[in-house]
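Here is the structure we will look at, set down as structure tokens.
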Amino acid sequence: MTVNSVKRVARALVVCVGMAMSAVALAGPAQAGVDPLAPCDPYNWIRVDRVGSAWYSSIGSAAGKFNASSTTSKLSITLSQTVSRSTTLEAGASMSVGWGIAQVEASFSYSVTQSTSTGVSVTDEVNVPGRHYGYAQPKVEYRRFHVRKMQNNANCVVTTAKDYGYIRAITAYPFFAECVATSPCTPRP
């Protein structure tokens with residue numbers, strides 16, 4: 001234990017013992033055996049909440065192939081990334097993008113991408129039945145998170161000590177939208 005931890009424990013014991021002695025002195029016959037409520041230990045923590053559903057933004061055009069055989073084939077489709085996307089803060093947010101990303105990653109199992117590049121080729125493999133088209137499109141998946149500093153007060157009430165705001169984080173990259181049909185189709189989502 002650190003010196004500060006020992007001091008906190010000692011203060012809590014003094015408060016608890018003092019409260020217990022006061023309660024015993026003040027307790028009448030009707031209140032005998034009633035323990036006083038112990039105070040809470042004040043502390044702070046960062047709370048990250050996921051807000052709403054995921055949404056997707058394209059980072060390149062859709063491309064497709066036709067499976068001319070009569071059996072299902074895995075078609076390899078090469079896609080070019082032509083649009084750059086970034087993890088961003090909403091207006092009024094009081095945190096840096098890097099710090100916000102670190103809080104999201106610490107709270108959830110996402111690996112957040114800060115920004116994407118253009119001029120990069122990516123390949124997706126689509127299972128396409130015989131005599132069907134298979135299309136794919138590179139996208140990013142976004143999710144919105146609310147970041148706050150919470151405080152547990154000595155009176156056991158939890159309050160928001162600081163509202164850092166919202167971050168729109170890229171939580172999947174690249175994300176491949178796909179479609180398979182007997183005629184050309186539009187990949188979704």
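Labeling convention for the structure tokens: chains A, B, ... as they appear, residues from 1 per chain, ligands from 1 in order of appearance.
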message: Report as number ranges by chain all protein, DNA and RNA residues lying within 12 Å of Cys185 (chain A), evaluated on only C-alpha atoms, omitting residues in the same chain fewer than 6 positions from it.
response: A: 62-66, 132-137, 177-179
Atoms to include: C-alpha atoms. Write the selected residues as an mmCIF file, in the first residue's frame.
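Output (out.cif):
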data_model
loop_
_atom_site.group_PDB
_atom_site.id
_atom_site.type_symbol
_atom_site.label_atom_id
_atom_site.label_comp_id
_atom_site.auth_asym_id
_atom_site.auth_seq_id
_atom_site.Cartn_x
_atom_site.Cartn_y
_atom_site.Cartn_z
ATOM 1 C CA ALA A 62 -17.841 -0.680 -56.067
ATOM 2 C CA ALA A 63 -16.356 -3.295 -58.376
ATOM 3 C CA GLY A 64 -17.699 -6.647 -59.467
ATOM 4 C CA LYS A 65 -17.257 -9.824 -61.456
ATOM 5 C CA PHE A 66 -19.517 -12.318 -63.185
ATOM 6 C CA HIS A 132 -24.310 -14.681 -60.783
ATOM 7 C CA TYR A 133 -22.613 -11.330 -60.257
ATOM 8 C CA GLY A 134 -20.594 -10.533 -57.161
ATOM 9 C CA TYR A 135 -19.899 -6.926 -56.145
ATOM 10 C CA ALA A 136 -17.872 -5.416 -53.322
ATOM 11 C CA GLN A 137 -17.152 -1.900 -52.102
ATOM 12 C CA ALA A 177 -19.991 -4.185 -48.358
ATOM 13 C CA GLU A 178 -21.024 -7.002 -50.710
ATOM 14 C CA CYS A 179 -23.921 -8.141 -52.867
#
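Proximity to Thr87 (chain A) was assessed for A:Ser73, A:Thr160, A:Thr113, A:Thr118 counting only C-alpha atoms; the smallest distance is recorded for A:Thr113.
Among the residues of region 54-171 of chain A, backbone DSSP assigns alpha helix (DSSP H) to A:Val97, A:Gly98, A:Trp99, A:Gly100, A:Ile101, A:Ala102, A:Gln103, A:Val104, A:Glu105, A:Ala106, A:Ser107.
Interatomic distance, CA of Phe176 (chain A) against CA of Ser80 (chain A): 12.1 Å.
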Could you give me, as a PDB file with N, CA and C atoms, in the first residue's frame, the residues within 6 Å of Thr72 (chain A), counting only C-alpha atoms and dropping anything in the same chain fewer than 5 positions from it?
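For reference, selection-v2.pdb as written:
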ATOM      1  N   VAL A 128     -19.545 -16.448 -54.959  1.00  0.00           N
ATOM      2  CA  VAL A 128     -20.565 -16.132 -55.958  1.00  0.00           C
ATOM      3  C   VAL A 128     -21.056 -17.415 -56.614  1.00  0.00           C
ATOM      4  N   PRO A 129     -22.363 -17.702 -56.556  1.00  0.00           N
ATOM      5  CA  PRO A 129     -22.908 -18.882 -57.232  1.00  0.00           C
ATOM      6  C   PRO A 129     -22.725 -18.772 -58.747  1.00  0.00           C
ATOM      7  N   GLY A 130     -22.818 -19.909 -59.444  1.00  0.00           N
ATOM      8  CA  GLY A 130     -22.694 -19.922 -60.888  1.00  0.00           C
ATOM      9  C   GLY A 130     -23.737 -19.046 -61.555  1.00  0.00           C
TER      10      GLY A 130
END
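Distances to Ala161 (chain A) were evaluated for A:Ile46, A:Val104, A:Cys40, A:Leu75 using only C-alpha atoms, and the minimum falls at A:Ile46.
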- prompt: When distances are computed from only C-alpha atoms, which of A:Ile59, A:Leu79, A:Ala169, A:Ala68 shows the smallest separation from Ser117 (chain A)?
  reply: A:Ile59
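Among the candidate residues A:Pro187, A:Ala54, A:Pro138, A:Arg143, the one lying nearest to Val83 (chain A) is A:Pro138, with distances computed using only C-alpha atoms.
Of the residues listed (A:Ser61, A:Val126, A:Thr71, A:Gln114), A:Ser61 shows the shortest atom-to-atom separation from Thr186 (chain A); distances use only C-alpha atoms.
Minimum atom-to-atom distances from A:Ile101, A:Asp41, A:Tyr173, A:Ser121 to His146 (chain A) were compared using only C-alpha atoms, and the lowest value belongs to A:Ile101.
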